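Visitor: One file is attached below, protein-v7.txt, containing compact mmCIF, C-alpha atoms.
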# COMPACT_ATOMS: atom_id res chain seq x y z
CA MET A 1170 0.00 0.00 0.00
CA THR A 1171 1.54 3.29 -1.06
CA LEU A 1172 1.17 6.45 0.99
CA HIS A 1173 -1.27 7.78 -1.57
CA GLU A 1174 -3.35 4.64 -1.35
CA PHE A 1175 -3.24 4.93 2.43
CA PHE A 1176 -4.83 8.39 2.42
CA TYR A 1177 -7.13 7.75 -0.53
CA MET A 1178 -8.53 4.47 0.86
CA GLY A 1179 -10.03 3.42 -2.45
CA GLY A 1180 -12.02 6.64 -2.70
CA LYS A 1181 -13.45 6.22 0.78
CA GLY A 1182 -10.77 8.31 2.50
CA PHE A 1183 -13.28 10.88 3.78
CA TYR A 1184 -15.22 8.20 5.62
CA VAL A 1185 -12.29 6.22 6.95
CA TRP A 1186 -10.37 9.29 8.16
CA GLY A 1187 -13.55 11.02 9.27
CA ALA A 1188 -14.22 8.04 11.51
CA TYR A 1189 -10.69 7.56 12.85
CA GLY A 1190 -10.18 11.33 13.13
CA MET A 1191 -13.19 11.68 15.39
CA ALA A 1192 -12.00 8.81 17.56
CA LEU A 1193 -8.58 10.44 17.90
CA LEU A 1194 -10.19 13.77 18.76
CA VAL A 1195 -12.31 12.16 21.45
CA PHE A 1196 -9.30 10.42 22.98
CA VAL A 1197 -7.26 13.63 23.01
CA VAL A 1198 -10.13 15.59 24.56
CA GLU A 1199 -10.75 12.90 27.17
CA VAL A 1200 -7.11 12.85 28.24
CA ALA A 1201 -7.14 16.66 28.50
CA LEU A 1202 -10.34 16.59 30.55
CA VAL A 1203 -9.00 13.95 32.92
CA ARG A 1204 -5.76 15.85 33.45
CA ASN A 1205 -7.65 19.07 34.03
CA ARG A 1206 -9.92 17.41 36.56
CA ARG A 1207 -6.91 16.28 38.54
CA THR A 1208 -5.40 19.77 38.43
CA GLN A 1209 -8.62 21.29 39.71
CA ALA A 1210 -9.01 18.67 42.42
CA LEU A 1211 -5.47 19.21 43.70
CA LYS A 1212 -6.07 22.95 43.63
CA GLN A 1213 -9.11 22.48 45.85
CA VAL A 1214 -7.15 20.39 48.31
CA ARG A 1215 -4.36 22.96 48.47
CA LEU A 1216 -6.89 25.74 49.08
CA LEU A 1217 -8.32 23.78 51.98
CA ARG A 1218 -4.85 23.18 53.43
CA ASP A 1219 -3.92 26.84 53.15
CA ALA A 1220 -7.22 27.93 54.64
CA GLU A 1221 -6.59 25.75 57.66
CA GLY A 1222 -3.10 27.20 57.93
CA GLU A 1223 -1.38 23.82 57.84
CA GLU A 1224 2.26 23.37 56.96
CA MET B 1347 -5.28 -17.52 54.73
CA ALA B 1348 -7.95 -14.95 55.32
CA ILE B 1349 -8.36 -12.60 52.37
CA ASN B 1350 -9.39 -9.08 53.16
CA TRP B 1351 -11.80 -8.60 50.28
CA PHE B 1352 -12.48 -5.05 51.36
CA LYS B 1353 -8.90 -3.82 51.55
CA TYR B 1354 -9.11 -1.96 48.28
CA SER B 1355 -12.56 -0.62 48.98
CA ALA B 1356 -10.93 2.08 51.08
CA PRO B 1357 -10.47 5.15 48.90
CA SER B 1358 -6.99 5.79 50.26
CA THR B 1359 -5.73 2.32 49.40
CA PHE B 1360 -7.35 2.25 46.00
CA TYR B 1361 -6.05 5.72 45.19
CA ALA B 1362 -2.50 4.44 45.52
CA LEU B 1363 -3.20 1.23 43.61
CA ALA B 1364 -4.91 3.01 40.73
CA GLY B 1365 -2.03 5.44 40.56
CA LYS B 1366 0.46 2.59 40.24
CA LEU B 1367 -1.51 0.62 37.65
CA ALA B 1368 -2.81 3.38 35.37
CA PRO B 1369 0.49 4.24 33.65
CA TRP B 1370 1.01 0.57 32.73
CA PHE B 1371 -2.39 0.31 31.12
CA ALA B 1372 -1.84 3.61 29.33
CA GLY B 1373 1.54 2.54 27.99
CA LEU B 1374 0.28 -0.86 26.88
CA SER B 1375 -2.70 0.77 25.24
CA ALA B 1376 -0.49 3.14 23.26
CA ILE B 1377 1.66 0.26 22.01
CA LEU B 1378 -1.36 -1.85 21.12
CA PHE B 1379 -2.96 1.05 19.26
CA MET B 1380 0.13 1.48 17.11
CA ILE B 1381 0.27 -2.23 16.32
CA GLY B 1382 -3.48 -2.56 15.81
CA LEU B 1383 -3.78 0.48 13.59
CA TYR B 1384 -0.94 -0.73 11.41
CA MET B 1385 -2.54 -4.16 11.15
CA GLY B 1386 -5.98 -2.78 10.43
CA LEU B 1387 -5.18 0.13 8.17
CA VAL B 1388 -2.23 -1.28 6.27
CA ALA B 1389 -1.59 -5.00 6.73
CA ALA B 1390 -5.10 -6.42 6.60
CA PRO B 1391 -6.32 -7.24 3.11
CA THR B 1392 -8.95 -5.24 1.28
CA ASP B 1393 -12.50 -6.46 1.64
CA VAL B 1394 -13.90 -8.12 -1.48
CA GLN B 1395 -17.30 -6.47 -1.19
CA GLN B 1396 -16.71 -3.19 0.63
CA GLY B 1397 -13.24 -2.16 -0.49
CA GLU B 1398 -11.31 -0.02 1.96
CA ALA B 1399 -14.24 1.53 3.86
CA TYR B 1400 -14.58 -1.67 5.88
CA ARG B 1401 -11.41 -0.70 7.78
CA ILE B 1402 -13.62 1.43 10.04
CA ILE B 1403 -14.47 -1.91 11.64
CA TYR B 1404 -11.23 -1.79 13.62
CA ILE B 1405 -12.36 1.22 15.62
CA HIS B 1406 -16.12 0.78 15.38
CA VAL B 1407 -16.42 -2.77 16.76
CA PRO B 1408 -14.08 -2.41 19.78
CA THR B 1409 -15.64 0.87 20.88
CA SER B 1410 -19.16 -0.50 20.43
CA ILE B 1411 -18.43 -3.61 22.46
CA LEU B 1412 -16.73 -1.55 25.15
CA SER B 1413 -19.56 0.97 25.32
CA MET B 1414 -21.81 -1.91 26.35
CA PHE B 1415 -19.31 -3.63 28.60
CA ILE B 1416 -18.44 -0.41 30.44
CA TYR B 1417 -22.13 0.28 31.00
CA LEU B 1418 -22.62 -3.15 32.62
CA LEU B 1419 -19.52 -2.57 34.72
CA MET B 1420 -20.83 0.84 35.76
CA ALA B 1421 -24.19 -0.67 36.70
CA GLY B 1422 -22.36 -3.45 38.57
CA TYR B 1423 -20.38 -0.97 40.65
CA ALA B 1424 -23.58 1.01 41.21
CA ALA B 1425 -25.28 -2.13 42.51
CA LEU B 1426 -22.30 -2.92 44.75
CA GLY B 1427 -22.49 0.59 46.13
CA LEU B 1428 -26.16 0.17 46.93
CA ILE B 1429 -25.70 -3.27 48.49
CA PHE B 1430 -22.55 -2.68 50.54
CA ASN B 1431 -22.93 1.07 50.94
CA THR B 1432 -19.32 1.49 49.84
CA ARG B 1433 -18.46 5.00 48.65
CA LEU B 1434 -15.70 3.80 46.37
CA SER B 1435 -18.09 1.63 44.37
CA ALA B 1436 -20.16 4.70 43.58
CA MET B 1437 -17.00 6.61 42.75
CA MET B 1438 -15.97 3.91 40.29
CA ALA B 1439 -19.39 4.06 38.65
CA GLY B 1440 -18.94 7.80 38.34
CA ALA B 1441 -15.46 7.33 36.91
CA LEU B 1442 -16.64 4.84 34.29
CA ALA B 1443 -19.54 6.93 33.01
CA PRO B 1444 -17.68 9.58 30.97
CA THR B 1445 -15.40 7.01 29.35
CA GLY B 1446 -18.36 4.84 28.49
CA ALA B 1447 -20.27 7.79 27.11
CA LEU B 1448 -17.37 8.78 24.90
CA PHE B 1449 -16.97 5.22 23.64
CA SER B 1450 -20.63 5.09 22.69
CA LEU B 1451 -20.21 8.44 20.93
CA ILE B 1452 -17.29 7.06 18.92
CA ALA B 1453 -19.30 3.93 18.14
CA LEU B 1454 -22.21 6.02 16.84
CA TRP B 1455 -20.00 8.36 14.82
CA THR B 1456 -17.78 5.69 13.28
CA GLY B 1457 -20.87 3.63 12.58
CA ALA B 1458 -22.45 6.57 10.76
CA PHE B 1459 -19.32 7.14 8.70
CA TRP B 1460 -19.30 3.46 7.79
CA GLY B 1461 -23.01 3.47 7.06
CA ARG B 1462 -22.80 6.25 4.48
CA PRO B 1463 -20.54 4.41 2.00
CA GLU B 1464 -21.90 0.96 2.90
CA TRP B 1465 -25.66 1.55 3.16
CA GLY B 1466 -26.00 4.96 1.56
CA THR B 1467 -27.07 6.65 4.79
CA TYR B 1468 -25.41 8.05 7.91
CA TRP B 1469 -28.34 7.08 10.09
CA VAL B 1470 -31.41 4.91 10.22
CA TRP B 1471 -33.77 4.30 13.11
CA ASP B 1472 -33.22 0.58 13.24
CA ALA B 1473 -33.16 -1.32 16.52
CA ARG B 1474 -29.41 -1.50 17.04
CA LEU B 1475 -28.57 2.09 16.16
CA THR B 1476 -31.49 3.43 18.16
CA SER B 1477 -30.72 1.37 21.24
CA GLU B 1478 -27.03 2.39 21.09
CA LEU B 1479 -28.17 6.04 20.90
CA ILE B 1480 -30.33 5.39 23.95
CA LEU B 1481 -27.25 3.97 25.68
CA PHE B 1482 -25.44 7.23 24.99
CA PHE B 1483 -28.38 9.16 26.50
CA LEU B 1484 -28.39 6.84 29.52
CA TYR B 1485 -24.74 7.63 30.14
CA LEU B 1486 -25.43 11.36 29.89
CA GLY B 1487 -28.47 10.97 32.12
CA PHE B 1488 -26.41 9.15 34.74
CA ILE B 1489 -23.79 11.91 34.75
CA ALA B 1490 -26.38 14.69 34.78
CA LEU B 1491 -28.52 13.08 37.49
CA HIS B 1492 -25.54 12.61 39.77
CA ALA B 1493 -24.38 16.19 39.19
CA SER B 1494 -27.84 17.59 39.89
CA ILE B 1495 -28.14 16.24 43.46
CA ASP B 1496 -26.20 18.10 46.12
CA ASP B 1497 -25.78 15.40 48.74
CA PRO B 1498 -23.16 13.05 47.29
CA ARG B 1499 -24.51 9.86 48.85
CA ARG B 1500 -28.06 10.58 47.72
CA ALA B 1501 -26.70 11.40 44.30
CA ASP B 1502 -24.86 8.08 44.29
CA ARG B 1503 -28.03 6.15 45.10
CA ALA B 1504 -30.25 7.94 42.58
CA ALA B 1505 -27.72 7.58 39.79
CA ALA B 1506 -27.15 3.95 40.75
CA LEU B 1507 -30.83 3.21 40.27
CA LEU B 1508 -30.75 4.81 36.84
CA ALA B 1509 -27.68 2.80 35.88
CA ILE B 1510 -29.18 -0.48 37.06
CA VAL B 1511 -32.57 0.04 35.42
CA GLY B 1512 -30.91 1.18 32.21
CA SER B 1513 -28.85 -1.97 31.91
CA VAL B 1514 -31.81 -3.75 30.33
CA ASN B 1515 -30.84 -1.76 27.24
CA VAL B 1516 -27.55 -3.62 26.83
CA PRO B 1517 -29.00 -7.06 25.93
CA ILE B 1518 -31.45 -5.21 23.71
CA ILE B 1519 -28.56 -3.69 21.78
CA TYR B 1520 -26.84 -7.05 21.53
CA PHE B 1521 -29.86 -9.13 20.48
CA SER B 1522 -31.55 -6.42 18.41
CA VAL B 1523 -30.06 -7.73 15.19
CA TYR B 1524 -31.61 -11.15 15.85
CA TRP B 1525 -34.94 -10.04 17.27
CA TRP B 1526 -35.82 -7.43 14.67
CA ASN B 1527 -35.38 -6.92 10.97
CA THR B 1528 -32.56 -4.41 11.17
CA LEU B 1529 -30.39 -2.68 8.62
CA HIS B 1530 -27.38 -3.31 10.87
CA GLN B 1531 -26.22 -6.77 9.97
CA ILE B 1532 -25.81 -9.69 12.31
CA PRO B 1533 -22.23 -10.82 12.91
CA THR B 1534 -21.09 -11.47 9.37
CA PHE B 1535 -19.23 -14.68 9.93
CA GLN B 1536 -22.18 -16.42 11.49
CA VAL B 1537 -24.16 -15.96 8.28
CA SER B 1538 -21.73 -17.15 5.69
CA GLY B 1539 -19.91 -19.72 7.77
CA ALA B 1540 -16.75 -18.38 6.22
CA LYS B 1541 -13.66 -17.91 8.31
CA ILE B 1542 -12.47 -14.39 8.94
CA ASP B 1543 -9.06 -13.55 7.48
CA PRO B 1544 -6.48 -14.11 10.25
CA THR B 1545 -4.91 -10.67 9.91
CA MET B 1546 -8.34 -9.09 10.20
CA GLU B 1547 -9.16 -11.21 13.22
CA HIS B 1548 -5.90 -10.41 14.97
CA ALA B 1549 -6.17 -6.71 14.16
CA LEU B 1550 -9.64 -6.67 15.75
CA LEU B 1551 -8.31 -8.43 18.83
CA VAL B 1552 -5.37 -6.06 19.22
CA MET B 1553 -7.60 -2.99 18.81
CA MET B 1554 -10.04 -4.48 21.31
CA PHE B 1555 -7.32 -4.70 23.95
CA ALA B 1556 -5.92 -1.29 23.00
CA CYS B 1557 -9.30 0.35 23.62
CA TRP B 1558 -9.92 -1.71 26.76
CA PHE B 1559 -6.61 -0.80 28.38
CA TYR B 1560 -7.14 2.84 27.39
CA ALA B 1561 -10.52 2.75 29.16
CA ILE B 1562 -8.96 1.23 32.27
CA ALA B 1563 -6.23 3.89 32.39
CA MET B 1564 -8.73 6.75 31.95
CA THR B 1565 -11.07 5.29 34.57
CA PHE B 1566 -8.26 4.81 37.11
CA TRP B 1567 -6.99 8.36 36.57
CA ARG B 1568 -10.47 9.81 36.77
CA VAL B 1569 -11.40 7.92 39.94
CA ARG B 1570 -8.27 9.31 41.57
CA SER B 1571 -9.60 12.82 40.92
CA ILE B 1572 -13.03 11.83 42.20
CA ILE B 1573 -11.45 10.45 45.35
CA LEU B 1574 -9.52 13.69 45.85
CA GLU B 1575 -12.69 15.71 45.40
CA ARG B 1576 -14.84 13.69 47.74
CA GLU B 1577 -12.24 12.87 50.36
CA ARG B 1578 -10.60 16.30 50.41
CA ASN B 1579 -11.44 16.77 54.09
CA THR B 1580 -9.56 13.69 55.19
CA GLN B 1581 -6.11 13.75 56.67
CA TRP B 1582 -4.58 11.33 54.22
CA VAL B 1583 -5.56 13.55 51.29
CA ARG B 1584 -4.23 16.67 52.97
CA GLU B 1585 -0.94 14.93 53.58
CA LEU B 1586 -0.46 13.68 50.01
CA PRO B 1587 2.81 14.90 48.50
CA GLU B 1588 1.02 16.17 45.39
CA ALA B 1589 -1.23 18.27 47.63
CA ARG B 1590 1.67 20.27 48.97
CA SER B 1591 2.22 23.35 46.86
Can I see the file as structure tokens?

Guide:
Amino acid sequence: MTLHEFFYMGGKGFYVWGAYGMALLVFVVEVALVRNRRTQALKQVRLLRDAEGEE
Amino acid sequence: MAINWFKYSAPSTFYALAGKLAPWFAGLSAILFMIGLYMGLVAAPTDVQQGEAYRIIYIHVPTSILSMFIYLLMAGYAALGLIFNTRLSAMMAGALAPTGALFSLIALWTGAFWGRPEWGTYWVWDARLTSELILFFLYLGFIALHASIDDPRRADRAAALLAIVGSVNVPIIYFSVYWWNTLHQIPTFQVSGAKIDPTMEHALLVMMFACWFYAIAMTFWRVRSIILERERNTQWVRELPEARS
């Protein structure tokens, strides 16, 4: 399979890459959301610690 | 030897375990995705009837199967939470929901993009497609219901009921292609009796594990955040190294 054939996918490239592209987008977004959730959660914990004046 | 079955039902213990395991599942998933995508998009032969569009199968089938499996797992944790009153079970259900929802979204989208070249339409209201769409709504409903109730334990219980009741939808999705006259075909290789090409079969298997391990990693990472959120007033959370600024 040449590189051209790989992208062209027998004329169905739009559908194949439209499908896989969406999946990739979802995975990237999910990873970003999960990381952000952790950041926010740790921020909340630190706020609580600082509010209580702990070391 | 007495096994402490409930050792890892303590959020603090499970937090550490999930943190240790998640990177392994993530790394394995990444490797399996690279192998599986090469096998499916390059190595596997072209389909006699469908040409190249069939290659969507390698992302559509694993995510569809997982969208159902994750839902049953979520409902299972929800039931455990109701029965044993364990907070962590409800947290796991909450951690599984977004991943499951996103998998069902991918299943619907990739299915639509396969349907257009194969059937001539992105969508049809047949039994399988409709019940998978309902599954997606059930996931969203679970997340929204839990978020809408202030008291976390009451939220857990209400959402758990929704999850458990909604699980009747999963066998409907699975058997829909047998029970009704659907556009979505029944498993192809049961009809023809033909054997699937080995490269195709192995590519499907590799992609299945790639998606599964990805889901595990995401769920473990997400439940760690949920634990931090809900246990933020405990001493062990306050004393975590990552909590020190």

Visitor: When you draw a straight line from atom CA of B:Phe1371 to atom CA of B:Ala1436, how long is it in Å?

Guide: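 Taking atom CA of B:Phe1371 as the start and atom CA of B:Ala1436 as the end point, the length is 22.1 Å.
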
Visitor: Mind pulling up the distance from atom CA of A:Gly1182 to atom CA of B:Thr1545?

Guide: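 Straight-line distance from atom CA of B:Thr1545 to atom CA of A:Gly1182 works out to 21.2 Å.
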
Visitor: Identify, on the basis of all atoms listed in the file, every residue whose closest approach to B:Ala1509 does not exceed 9 Å; exclude the query and any residue fewer than 6 positions from it along the same chain; express the result as a ChimeraX atom specification.

Guide: /B:1417-1418,1420-1422,1424-1425,1439,1484-1485,1488

Visitor: Report the centre and edge lengths, in Å to one decimal, of an axis-aligned box enclosing every atom of stretch 1364-1369 of chain B listed in the file, padded by 5 Å on each side, as AutoDock Vina command-line options.

Guide:
--center_x -2.2 --center_y 3.0 --center_z 37.2 --size_x 15.4 --size_y 14.8 --size_z 17.1

Visitor: Could you give me, as a ChimeraX atom specification, the residues that sit within 10 Å of (-9.9, 18.4, 47.9) in the file's coordinates, counting all atoms listed in the file?

Guide: /A:1209-1218 /B:1571-1580,1583-1584,1589

Visitor: If we count all atoms listed in the file and set the cut-off at 10 Å, which residues sit around A:Phe1196, ignoring sequence neighbours fewer than 5 positions away in its own chain? Please answer as an MDAnalysis selection string.

Guide: (chainID A and resid 1190:1191 1201:1202) or (chainID B and resid 1445 1448:1449 1452 1560:1561 1564)

Visitor: At what distance in Å, to one decimal, does atom CA of B:Leu1481 lie from atom CA of B:Asn1515?

Guide: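 Result for atom CA of B:Asn1515 versus atom CA of B:Leu1481: 6.9 Å, one decimal.
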
Visitor: For B:Glu1585, which residue among B:Ser1375, B:Thr1467, B:Ser1358, B:Asn1431 is the nearest when counting all atoms listed in the file?

Guide: B:Ser1358

Visitor: Which residue, B:Tyr1361, B:Phe1483, B:Phe1352, B:Phe1459, has the smallest gap to B:Arg1568 when you use all atoms listed in the file?

Guide: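 Comparing B:Tyr1361, B:Phe1483, B:Phe1352, B:Phe1459 against B:Arg1568, the winner is B:Tyr1361.
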
Visitor: May I ask which of the residues A:Gly1179, A:Thr1208, A:Tyr1189, A:Val1203 is the closest one to B:Leu1383, counting all atoms listed in the file?

Guide: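 Of A:Gly1179, A:Thr1208, A:Tyr1189, A:Val1203, the one nearest B:Leu1383 is A:Tyr1189, counting all atoms listed in the file.
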
Visitor: Within 12 Å of B:Leu1363, counting only C-alpha atoms, which residues show up once you throw out same-chain ones fewer than 2 positions away? Write them as a count of residues only, please.

Guide: 20

Visitor: Within 12 Å of B:Tyr1384, counting only C-alpha atoms, which residues qualify if same-chain residues fewer than 5 places away don't, as a list in words?

Guide: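 Returned residues: Met1170 and Phe1175 of chain A; Ile1377, Leu1378, Phe1379, Ala1389, Ala1390, Pro1391, Arg1401, Tyr1404, Thr1545, Met1546, His1548, Ala1549, Leu1550, Val1552 and Met1553 of chain B.
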
Visitor: Find, counting all atoms listed in the file, the residue in B:Asn1350, B:Ser1513, B:Ser1522, B:Thr1456 that gets nearest to A:Gly1187.

Guide: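 Of the candidates, the smallest distance to A:Gly1187 is held by B:Thr1456.
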
Visitor: Which of these, B:Ser1450, B:Ser1435, B:Gln1531, B:Thr1476, has the shortest distance to chain A once you count all atoms listed in the file?

Guide: B:Ser1450

Visitor: With all atoms listed in the file as the basis for distance, which of A:Gly1222, A:Tyr1184, A:Tyr1177, A:Thr1171 is at the shortest distance from chain B?

Guide: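 Using all atoms listed in the file, the shortest distance to chain B belongs to A:Tyr1184.
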
Visitor: Could you please fill out stretch 1416-1450 of chain B with N, CA and C atoms and send it back as a PDB file, in the frame of the given file?

Guide:
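For reference, rebuild-v8.pdb as written:
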ATOM      1  N   ILE B1416     -18.661  -1.426  29.406  1.00  0.00           N
ATOM      2  CA  ILE B1416     -18.440  -0.410  30.440  1.00  0.00           C
ATOM      3  C   ILE B1416     -19.749  -0.075  31.138  1.00  0.00           C
ATOM      4  N   TYR B1417     -20.854  -0.033  30.372  1.00  0.00           N
ATOM      5  CA  TYR B1417     -22.130   0.280  31.000  1.00  0.00           C
ATOM      6  C   TYR B1417     -22.483  -0.789  32.041  1.00  0.00           C
ATOM      7  N   LEU B1418     -22.305  -2.063  31.678  1.00  0.00           N
ATOM      8  CA  LEU B1418     -22.620  -3.150  32.620  1.00  0.00           C
ATOM      9  C   LEU B1418     -21.705  -3.079  33.844  1.00  0.00           C
ATOM     10  N   LEU B1419     -20.462  -2.723  33.617  1.00  0.00           N
ATOM     11  CA  LEU B1419     -19.520  -2.570  34.720  1.00  0.00           C
ATOM     12  C   LEU B1419     -19.963  -1.438  35.642  1.00  0.00           C
ATOM     13  N   MET B1420     -20.370  -0.329  35.012  1.00  0.00           N
ATOM     14  CA  MET B1420     -20.830   0.840  35.760  1.00  0.00           C
ATOM     15  C   MET B1420     -22.058   0.467  36.592  1.00  0.00           C
ATOM     16  N   ALA B1421     -22.995  -0.251  35.975  1.00  0.00           N
ATOM     17  CA  ALA B1421     -24.190  -0.670  36.700  1.00  0.00           C
ATOM     18  C   ALA B1421     -23.815  -1.654  37.813  1.00  0.00           C
ATOM     19  N   GLY B1422     -22.828  -2.499  37.561  1.00  0.00           N
ATOM     20  CA  GLY B1422     -22.360  -3.450  38.570  1.00  0.00           C
ATOM     21  C   GLY B1422     -21.782  -2.738  39.776  1.00  0.00           C
ATOM     22  N   TYR B1423     -20.919  -1.748  39.537  1.00  0.00           N
ATOM     23  CA  TYR B1423     -20.380  -0.970  40.650  1.00  0.00           C
ATOM     24  C   TYR B1423     -21.498  -0.223  41.375  1.00  0.00           C
ATOM     25  N   ALA B1424     -22.456   0.298  40.598  1.00  0.00           N
ATOM     26  CA  ALA B1424     -23.580   1.010  41.210  1.00  0.00           C
ATOM     27  C   ALA B1424     -24.348   0.073  42.149  1.00  0.00           C
ATOM     28  N   ALA B1425     -24.572  -1.163  41.679  1.00  0.00           N
ATOM     29  CA  ALA B1425     -25.280  -2.130  42.510  1.00  0.00           C
ATOM     30  C   ALA B1425     -24.474  -2.469  43.764  1.00  0.00           C
ATOM     31  N   LEU B1426     -23.163  -2.657  43.591  1.00  0.00           N
ATOM     32  CA  LEU B1426     -22.300  -2.920  44.750  1.00  0.00           C
ATOM     33  C   LEU B1426     -22.396  -1.791  45.764  1.00  0.00           C
ATOM     34  N   GLY B1427     -22.408  -0.571  45.251  1.00  0.00           N
ATOM     35  CA  GLY B1427     -22.490   0.590  46.130  1.00  0.00           C
ATOM     36  C   GLY B1427     -23.790   0.620  46.908  1.00  0.00           C
ATOM     37  N   LEU B1428     -24.868   0.206  46.238  1.00  0.00           N
ATOM     38  CA  LEU B1428     -26.160   0.170  46.930  1.00  0.00           C
ATOM     39  C   LEU B1428     -26.195  -0.941  47.972  1.00  0.00           C
ATOM     40  N   ILE B1429     -25.628  -2.105  47.606  1.00  0.00           N
ATOM     41  CA  ILE B1429     -25.700  -3.270  48.490  1.00  0.00           C
ATOM     42  C   ILE B1429     -24.794  -3.099  49.710  1.00  0.00           C
ATOM     43  N   PHE B1430     -23.528  -2.745  49.463  1.00  0.00           N
ATOM     44  CA  PHE B1430     -22.550  -2.680  50.540  1.00  0.00           C
ATOM     45  C   PHE B1430     -22.376  -1.293  51.119  1.00  0.00           C
ATOM     46  N   ASN B1431     -23.035  -0.320  50.503  1.00  0.00           N
ATOM     47  CA  ASN B1431     -22.930   1.070  50.940  1.00  0.00           C
ATOM     48  C   ASN B1431     -21.484   1.574  50.902  1.00  0.00           C
ATOM     49  N   THR B1432     -20.715   1.070  49.947  1.00  0.00           N
ATOM     50  CA  THR B1432     -19.320   1.490  49.840  1.00  0.00           C
ATOM     51  C   THR B1432     -19.231   2.718  48.936  1.00  0.00           C
ATOM     52  N   ARG B1433     -18.586   3.757  49.430  1.00  0.00           N
ATOM     53  CA  ARG B1433     -18.460   5.000  48.650  1.00  0.00           C
ATOM     54  C   ARG B1433     -17.658   4.772  47.388  1.00  0.00           C
ATOM     55  N   LEU B1434     -16.588   3.963  47.515  1.00  0.00           N
ATOM     56  CA  LEU B1434     -15.700   3.800  46.370  1.00  0.00           C
ATOM     57  C   LEU B1434     -16.407   3.143  45.186  1.00  0.00           C
ATOM     58  N   SER B1435     -17.350   2.255  45.469  1.00  0.00           N
ATOM     59  CA  SER B1435     -18.090   1.630  44.370  1.00  0.00           C
ATOM     60  C   SER B1435     -18.831   2.683  43.565  1.00  0.00           C
ATOM     61  N   ALA B1436     -19.455   3.618  44.269  1.00  0.00           N
ATOM     62  CA  ALA B1436     -20.160   4.700  43.580  1.00  0.00           C
ATOM     63  C   ALA B1436     -19.183   5.601  42.842  1.00  0.00           C
ATOM     64  N   MET B1437     -18.009   5.796  43.429  1.00  0.00           N
ATOM     65  CA  MET B1437     -17.000   6.610  42.750  1.00  0.00           C
ATOM     66  C   MET B1437     -16.539   5.949  41.467  1.00  0.00           C
ATOM     67  N   MET B1438     -16.383   4.628  41.510  1.00  0.00           N
ATOM     68  CA  MET B1438     -15.970   3.910  40.290  1.00  0.00           C
ATOM     69  C   MET B1438     -17.042   4.011  39.211  1.00  0.00           C
ATOM     70  N   ALA B1439     -18.308   3.901  39.619  1.00  0.00           N
ATOM     71  CA  ALA B1439     -19.390   4.060  38.650  1.00  0.00           C
ATOM     72  C   ALA B1439     -19.299   5.437  38.006  1.00  0.00           C
ATOM     73  N   GLY B1440     -19.069   6.440  38.845  1.00  0.00           N
ATOM     74  CA  GLY B1440     -18.940   7.800  38.340  1.00  0.00           C
ATOM     75  C   GLY B1440     -17.732   7.990  37.445  1.00  0.00           C
ATOM     76  N   ALA B1441     -16.676   7.232  37.723  1.00  0.00           N
ATOM     77  CA  ALA B1441     -15.460   7.330  36.910  1.00  0.00           C
ATOM     78  C   ALA B1441     -15.639   6.651  35.559  1.00  0.00           C
ATOM     79  N   LEU B1442     -16.440   5.595  35.531  1.00  0.00           N
ATOM     80  CA  LEU B1442     -16.640   4.840  34.290  1.00  0.00           C
ATOM     81  C   LEU B1442     -17.554   5.580  33.316  1.00  0.00           C
ATOM     82  N   ALA B1443     -18.499   6.352  33.853  1.00  0.00           N
ATOM     83  CA  ALA B1443     -19.540   6.930  33.010  1.00  0.00           C
ATOM     84  C   ALA B1443     -19.008   7.789  31.857  1.00  0.00           C
ATOM     85  N   PRO B1444     -18.126   8.756  32.100  1.00  0.00           N
ATOM     86  CA  PRO B1444     -17.680   9.580  30.970  1.00  0.00           C
ATOM     87  C   PRO B1444     -16.945   8.781  29.901  1.00  0.00           C
ATOM     88  N   THR B1445     -16.108   7.838  30.331  1.00  0.00           N
ATOM     89  CA  THR B1445     -15.400   7.010  29.350  1.00  0.00           C
ATOM     90  C   THR B1445     -16.379   6.194  28.527  1.00  0.00           C
ATOM     91  N   GLY B1446     -17.354   5.598  29.206  1.00  0.00           N
ATOM     92  CA  GLY B1446     -18.360   4.840  28.490  1.00  0.00           C
ATOM     93  C   GLY B1446     -19.157   5.686  27.523  1.00  0.00           C
ATOM     94  N   ALA B1447     -19.513   6.888  27.967  1.00  0.00           N
ATOM     95  CA  ALA B1447     -20.270   7.790  27.110  1.00  0.00           C
ATOM     96  C   ALA B1447     -19.483   8.133  25.854  1.00  0.00           C
ATOM     97  N   LEU B1448     -18.202   8.415  26.042  1.00  0.00           N
ATOM     98  CA  LEU B1448     -17.370   8.780  24.900  1.00  0.00           C
ATOM     99  C   LEU B1448     -17.176   7.600  23.951  1.00  0.00           C
ATOM    100  N   PHE B1449     -17.063   6.398  24.502  1.00  0.00           N
ATOM    101  CA  PHE B1449     -16.970   5.220  23.640  1.00  0.00           C
ATOM    102  C   PHE B1449     -18.240   5.033  22.822  1.00  0.00           C
ATOM    103  N   SER B1450     -19.394   5.251  23.439  1.00  0.00           N
ATOM    104  CA  SER B1450     -20.630   5.090  22.690  1.00  0.00           C
ATOM    105  C   SER B1450     -20.746   6.181  21.628  1.00  0.00           C
TER     106      SER B1450
END
